[in-house]
Each structure stands twice: as C-alpha cells, then as structure tokens.
Amino acid sequence: MYRPLLAALGAMVLAGGAQAATCPAFAPPVIKFVPLPSEIERDTSKTAKELGDNGPHAKPQPASYQPQLQSSAARSLTVQKLPDGTVCAAVHEVDFKLGIKHKVFIAQEFAADGCVADTVADFETPVIKSDDAALAAFGESIPQTYAADINAIGTGMGKTDDEAQKPLLDKISSVFKDKIFPAFAQHVQDAEAKVDLSKWQKAPCNGATDKAFAAINASAGDLTNNTARAAQQQQQQQRAGGSYGGSGRY
C-alpha cells in the first residue's frame, strides 16, 4: 500500500529536479544597424530599345535605374553551462546590415559620348538619392522598432551549445526575413513614388545630346513630361515591389 505513495513522491522529486535546470537572466540584446557600402555601377551593354522593352510603354529609353537591396547580419550569443550540464544561450548582439547597390543602365546610343552618358545618368540621380535617404532613415529606426521582436526571442536550452543556440538563430532569421527586409523594401518603394523627376536639365554636350535622342526617335523633353515621368515612377515601383533582387546572408 506504500508503493504508490513512494512512486508519487519519487515523481515529484524528479519533477523538482527538472525544474531546477532553468536559465539565468541575461542582459537585453544589443541591436545595431550597419549600412553596407553603396556604390553606383554603370552598365552600357543594352540598346535604348532593350531598355525600353522592360518599361511600361516599350519605348526606347536612354537610361534606366535598377536598385538591388542587400542584406547580411552579424550575431553573437551568450552561452552559459549550468552545474547539471544544461547549456543556456541568449542573444547578446545582432548587427542588421542593409544596403542598396545602384545600377544605372546607359543605352549604347548614349554611352559613346561621356558628356551625354553623364547627363542622362543624372536623370536617375534623384531616385538614387531617395534610395540612400530611405536606407538611412529605415536603418536608424531598426533598434527601436524591432527591439520587442528581438527581446521576445528569449533564451535557448539544450544539452549542447548547438542545441541551445539553433532556435535563437532561427528566430533572428525569421524576424529579418518576415519583418525587417519586407518593411525595408516597402519603405524604399514608398520613398521612390514621391520622387520628382521633372527638374532634370539636359547638358547640350555641343549638340551630341540631341543627336543621341534623335537616333532613338525621341527628345530630351520626353523624359520630363508628365506621361514619361509617371511611367518612370511606375517602373520604379514595379522594381521595388517585385524584382528588387534582394539578397541576404543569415
């Protein structure tokens, strides 16, 4: 008659031992934003027709801008081994790294003359500046905006370092892929939609600019009229929303 009681007491002792293996309190994670290098690359491999074929109205274009969002992260974890051999882990610091690679396509018809290439490339400058400003503003907001998400990751427990750390790394990756990166892309897209492209002024380049436009049956004024400007912004929004070519390493 005493055996069931002894068995119950034994189970309680074992349960109490399991509960004793709890992780200590760790300091809150440090969250940082690190901007990746931002450079402007020119590509002169395409004709004006080829650039226009990717646009909303399939008209030859002297230039086109294609941004690519970049990302990576550096993470460090704090690991502590308990007396019973249990390993506890917590996020110590996460550095979210974001950047934008700017690629400006200059049509072959405009690339032969350096002055002409520069002036049509300048048409894309306001959008590039908008992207850089959006990157800086979004990056600055990351530590505060996503502190709750990172703090909620909590601690990991396991028999080995890897077993304790893996769930934490997976959760960091999930916060980035599901929240931070999509929000970053949307922020850039929204900023691009507000860019005014109407103030561009062509450089004459001793008449070479008009000759280049004539070669594609267009004029410099086509870039700054309302229809062309709306089409350009629509094209930028499509790139921002779908084919931004974002890449990341986590």
# chains A, B, ... in the order shown; residues from 1 in each chain; ligands from 1
>>> residues_around(residues="region 91-94 of chain A", least_positions_apart="2", cutoff="8 Å", atoms="only C-alpha atoms", output="list in words")
Ala27, Pro28, Pro29, Val30, Ile31, Lys32, Ala73, Ala74, Arg75, Ser76, Leu77, Thr78, Ala89, Phe96, Ile153, Gly154, Thr155 and Leu168 of chain A
>>> write_last_selection(atoms="C-alpha atoms", output="PDB file, in the first residue's frame")
ATOM      1  CA  ALA A  27      21.191  41.180 -20.346  1.00  0.00           C
ATOM      2  CA  PRO A  28      18.875  42.545 -23.081  1.00  0.00           C
ATOM      3  CA  PRO A  29      20.224  42.061 -26.618  1.00  0.00           C
ATOM      4  CA  VAL A  30      22.085  44.891 -28.306  1.00  0.00           C
ATOM      5  CA  ILE A  31      20.583  45.744 -31.720  1.00  0.00           C
ATOM      6  CA  LYS A  32      22.538  47.739 -34.284  1.00  0.00           C
ATOM      7  CA  ALA A  73      23.937  40.077 -40.348  1.00  0.00           C
ATOM      8  CA  ALA A  74      26.483  39.530 -37.625  1.00  0.00           C
ATOM      9  CA  ARG A  75      25.227  37.811 -34.486  1.00  0.00           C
ATOM     10  CA  SER A  76      26.791  36.924 -31.180  1.00  0.00           C
ATOM     11  CA  LEU A  77      25.250  34.789 -28.443  1.00  0.00           C
ATOM     12  CA  THR A  78      25.994  34.421 -24.748  1.00  0.00           C
ATOM     13  CA  ALA A  89      22.051  30.592 -24.612  1.00  0.00           C
ATOM     14  CA  PHE A  96      21.495  44.092 -39.113  1.00  0.00           C
ATOM     15  CA  ILE A 153      13.377  35.548 -28.676  1.00  0.00           C
ATOM     16  CA  GLY A 154      14.340  34.834 -25.072  1.00  0.00           C
ATOM     17  CA  THR A 155      16.728  32.049 -24.127  1.00  0.00           C
ATOM     18  CA  LEU A 168      17.662  31.518 -31.351  1.00  0.00           C
TER      19      LEU A 168
END
>>> atom_distance(atom1="CA of Gln68 (chain A)", atom2="CA of Ala185 (chain A)")
9.9 Å
>>> select_by_dssp(residues="region 15-135 of chain A", states="strand (DSSP E)", output="tab-separated table (two decimals) with C-alpha atoms, in the first residue's frame")
chain	number	residue	atom	x	y	z
A	30	VAL	CA	22.09	44.89	-28.31
A	31	ILE	CA	20.58	45.74	-31.72
A	32	LYS	CA	22.54	47.74	-34.28
A	33	PHE	CA	22.16	48.89	-37.88
A	34	VAL	CA	25.23	48.72	-40.09
A	35	PRO	CA	24.97	50.32	-43.57
A	40	ILE	CA	26.86	53.30	-58.36
A	41	GLU	CA	27.60	50.96	-61.25
A	42	ARG	CA	27.06	51.81	-64.89
A	43	ASP	CA	26.11	49.26	-67.50
A	63	ALA	CA	18.80	55.22	-69.34
A	64	SER	CA	17.29	53.03	-66.67
A	65	TYR	CA	17.93	52.50	-62.97
A	66	GLN	CA	17.90	49.13	-61.24
A	67	PRO	CA	18.47	49.03	-57.47
A	68	GLN	CA	19.28	45.84	-55.62
A	69	LEU	CA	18.65	45.58	-51.90
A	70	GLN	CA	21.45	43.90	-49.97
A	71	SER	CA	21.50	42.36	-46.52
A	72	SER	CA	23.57	40.35	-44.10
A	73	ALA	CA	23.94	40.08	-40.35
A	74	ALA	CA	26.48	39.53	-37.63
A	75	ARG	CA	25.23	37.81	-34.49
A	76	SER	CA	26.79	36.92	-31.18
A	77	LEU	CA	25.25	34.79	-28.44
A	78	THR	CA	25.99	34.42	-24.75
A	79	VAL	CA	26.33	30.79	-23.64
A	80	GLN	CA	26.33	29.54	-20.05
A	81	LYS	CA	26.63	25.96	-18.80
A	87	VAL	CA	23.53	24.71	-21.77
A	88	CYS	CA	21.72	28.05	-21.81
A	89	ALA	CA	22.05	30.59	-24.61
A	90	ALA	CA	20.77	34.11	-25.24
A	91	VAL	CA	21.20	36.75	-27.92
A	92	HIS	CA	23.98	39.16	-27.00
A	93	GLU	CA	24.11	41.36	-30.10
A	94	VAL	CA	22.64	41.47	-33.59
A	95	ASP	CA	24.01	43.77	-36.28
A	96	PHE	CA	21.50	44.09	-39.11
A	97	LYS	CA	23.31	45.10	-42.28
A	98	LEU	CA	21.37	46.66	-45.14
A	99	GLY	CA	22.42	48.40	-48.32
A	100	ILE	CA	21.44	49.23	-51.88
A	101	LYS	CA	23.55	48.55	-54.95
A	102	HIS	CA	22.75	51.18	-57.55
A	103	LYS	CA	22.97	50.04	-61.15
A	104	VAL	CA	22.36	52.61	-63.87
A	105	PHE	CA	21.95	51.36	-67.43
A	106	ILE	CA	23.04	53.78	-70.14
>>> atom_distance(atom1="CA of Thr86 (chain A)", atom2="CA of Gly158 (chain A)")
6.0 Å
>>> residues_around(residues="Ala111 (chain A)", least_positions_apart="5", cutoff="12 Å", atoms="only C-alpha atoms", output="ChimeraX atom specification")
/A:42-48,62-63,104-106,116-121,208-209,212-213
>>> write_last_selection(atoms="N, CA and C atoms", output="mmCIF file, in the first residue's frame")
data_model
loop_
_atom_site.group_PDB
_atom_site.id
_atom_site.type_symbol
_atom_site.label_atom_id
_atom_site.label_comp_id
_atom_site.auth_asym_id
_atom_site.auth_seq_id
_atom_site.Cartn_x
_atom_site.Cartn_y
_atom_site.Cartn_z
ATOM 1 N N ARG A 42 27.650 51.533 -63.585
ATOM 2 C CA ARG A 42 27.057 51.810 -64.892
ATOM 3 C C ARG A 42 27.192 50.594 -65.796
ATOM 4 N N ASP A 43 26.136 50.375 -66.556
ATOM 5 C CA ASP A 43 26.110 49.259 -67.496
ATOM 6 C C ASP A 43 25.719 49.816 -68.856
ATOM 7 N N THR A 44 26.556 49.595 -69.856
ATOM 8 C CA THR A 44 26.292 50.120 -71.204
ATOM 9 C C THR A 44 26.106 48.991 -72.213
ATOM 10 N N SER A 45 25.660 47.842 -71.721
ATOM 11 C CA SER A 45 25.573 46.665 -72.587
ATOM 12 C C SER A 45 24.283 46.598 -73.403
ATOM 13 N N LYS A 46 23.295 47.458 -73.094
ATOM 14 C CA LYS A 46 21.997 47.358 -73.747
ATOM 15 C C LYS A 46 21.719 48.560 -74.638
ATOM 16 N N THR A 47 20.910 48.325 -75.674
ATOM 17 C CA THR A 47 20.477 49.419 -76.546
ATOM 18 C C THR A 47 19.283 50.130 -75.902
ATOM 19 N N ALA A 48 18.933 51.279 -76.443
ATOM 20 C CA ALA A 48 17.775 52.024 -75.937
ATOM 21 C C ALA A 48 16.501 51.196 -76.078
ATOM 22 N N PRO A 62 16.817 56.202 -72.897
ATOM 23 C CA PRO A 62 18.254 56.500 -72.863
ATOM 24 C C PRO A 62 18.949 55.901 -71.654
ATOM 25 N N ALA A 63 18.201 55.730 -70.566
ATOM 26 C CA ALA A 63 18.802 55.216 -69.340
ATOM 27 C C ALA A 63 17.738 54.525 -68.497
ATOM 28 N N VAL A 104 22.956 51.730 -62.876
ATOM 29 C CA VAL A 104 22.363 52.613 -63.873
ATOM 30 C C VAL A 104 22.745 52.094 -65.260
ATOM 31 N N PHE A 105 21.731 51.792 -66.052
ATOM 32 C CA PHE A 105 21.953 51.357 -67.430
ATOM 33 C C PHE A 105 21.941 52.586 -68.331
ATOM 34 N N ILE A 106 22.961 52.719 -69.134
ATOM 35 C CA ILE A 106 23.038 53.782 -70.137
ATOM 36 C C ILE A 106 22.956 53.122 -71.504
ATOM 37 N N VAL A 116 27.275 63.020 -72.769
ATOM 38 C CA VAL A 116 25.890 62.571 -72.966
ATOM 39 C C VAL A 116 25.538 61.483 -71.954
ATOM 40 N N ALA A 117 26.463 60.562 -71.755
ATOM 41 C CA ALA A 117 26.225 59.491 -70.780
ATOM 42 C C ALA A 117 25.989 60.066 -69.387
ATOM 43 N N ASP A 118 26.775 61.073 -69.042
ATOM 44 C CA ASP A 118 26.637 61.681 -67.713
ATOM 45 C C ASP A 118 25.291 62.389 -67.552
ATOM 46 N N THR A 119 24.869 63.090 -68.582
ATOM 47 C CA THR A 119 23.644 63.878 -68.423
ATOM 48 C C THR A 119 22.399 63.002 -68.357
ATOM 49 N N VAL A 120 22.371 61.888 -69.096
ATOM 50 C CA VAL A 120 21.193 61.012 -68.986
ATOM 51 C C VAL A 120 21.250 60.195 -67.696
ATOM 52 N N ALA A 121 22.457 59.925 -67.225
ATOM 53 C CA ALA A 121 22.578 59.240 -65.934
ATOM 54 C C ALA A 121 22.072 60.137 -64.812
ATOM 55 N N ALA A 208 25.557 66.944 -78.994
ATOM 56 C CA ALA A 208 25.599 65.481 -79.023
ATOM 57 C C ALA A 208 24.402 64.854 -78.309
ATOM 58 N N THR A 209 23.867 65.557 -77.318
ATOM 59 C CA THR A 209 22.719 65.005 -76.584
ATOM 60 C C THR A 209 21.499 64.901 -77.489
ATOM 61 N N ALA A 212 21.840 62.124 -79.990
ATOM 62 C CA ALA A 212 21.612 60.796 -79.415
ATOM 63 C C ALA A 212 20.123 60.522 -79.269
ATOM 64 N N PHE A 213 19.379 61.524 -78.836
ATOM 65 C CA PHE A 213 17.928 61.347 -78.723
ATOM 66 C C PHE A 213 17.291 61.143 -80.096
#
>>> residues_around(residues="Asp131 (chain A)", least_positions_apart="4", cutoff="8 Å", atoms="only C-alpha atoms", output="number ranges by chain")
A: 100, 127, 135, 188, 191-192
>>> write_last_selection(atoms="N, CA and C atoms", output="PDB file, in the first residue's frame")
ATOM      1  N   ILE A 100      22.036  49.211 -50.547  1.00  0.00           N
ATOM      2  CA  ILE A 100      21.436  49.225 -51.883  1.00  0.00           C
ATOM      3  C   ILE A 100      22.547  49.365 -52.913  1.00  0.00           C
ATOM      4  N   VAL A 127      16.363  59.566 -57.815  1.00  0.00           N
ATOM      5  CA  VAL A 127      15.876  58.289 -57.298  1.00  0.00           C
ATOM      6  C   VAL A 127      16.967  57.615 -56.463  1.00  0.00           C
ATOM      7  N   LEU A 135      17.231  54.317 -47.009  1.00  0.00           N
ATOM      8  CA  LEU A 135      18.076  53.342 -46.308  1.00  0.00           C
ATOM      9  C   LEU A 135      18.516  53.889 -44.950  1.00  0.00           C
ATOM     10  N   VAL A 188      11.524  51.809 -49.132  1.00  0.00           N
ATOM     11  CA  VAL A 188      12.231  52.324 -50.307  1.00  0.00           C
ATOM     12  C   VAL A 188      11.237  52.601 -51.431  1.00  0.00           C
ATOM     13  N   ALA A 191       9.201  55.749 -50.805  1.00  0.00           N
ATOM     14  CA  ALA A 191      10.002  56.955 -50.994  1.00  0.00           C
ATOM     15  C   ALA A 191      10.211  57.245 -52.478  1.00  0.00           C
ATOM     16  N   GLU A 192      10.447  56.211 -53.272  1.00  0.00           N
ATOM     17  CA  GLU A 192      10.653  56.391 -54.713  1.00  0.00           C
ATOM     18  C   GLU A 192       9.409  56.968 -55.386  1.00  0.00           C
TER      19      GLU A 192
END
>>> closest_residue(among="A:Ala137, A:Ile180, A:Ala215, A:Ala220", to="Ala203 (chain A)", atoms="only C-alpha atoms")
A:Ala220
>>> closest_residue(among="A:Lys166, A:Lys179, A:Lys129, A:Lys159", to="Thr145 (chain A)", atoms="only C-alpha atoms")
A:Lys179
>>> closest_residue(among="A:Asp84, A:Glu50, A:Asp222, A:Glu124", to="Ala21 (chain A)", atoms="only C-alpha atoms")
A:Asp84
>>> select_by_dssp(residues="region 3-250 of chain A", states="alpha helix (DSSP H)", output="ChimeraX atom specification")
/A:3-20,48-53,108-111,114-121,125-145,147-151,161-175,181-192,208-215,226-241
>>> atom_distance(atom1="CA of Gln61 (chain A)", atom2="CA of Asp132 (chain A)")
23.9 Å
>>> closest_residue(among="A:Ile142, A:Leu82, A:Ala218, A:Leu223", to="Met157 (chain A)", atoms="only C-alpha atoms")
A:Leu82
>>> residues_around(residues="Gly221 (chain A)", least_positions_apart="6", cutoff="12 Å", atoms="only C-alpha atoms", output="PyMOL selection string")
chain A and resi 120+123+197-202+209-210+213-214+227-229
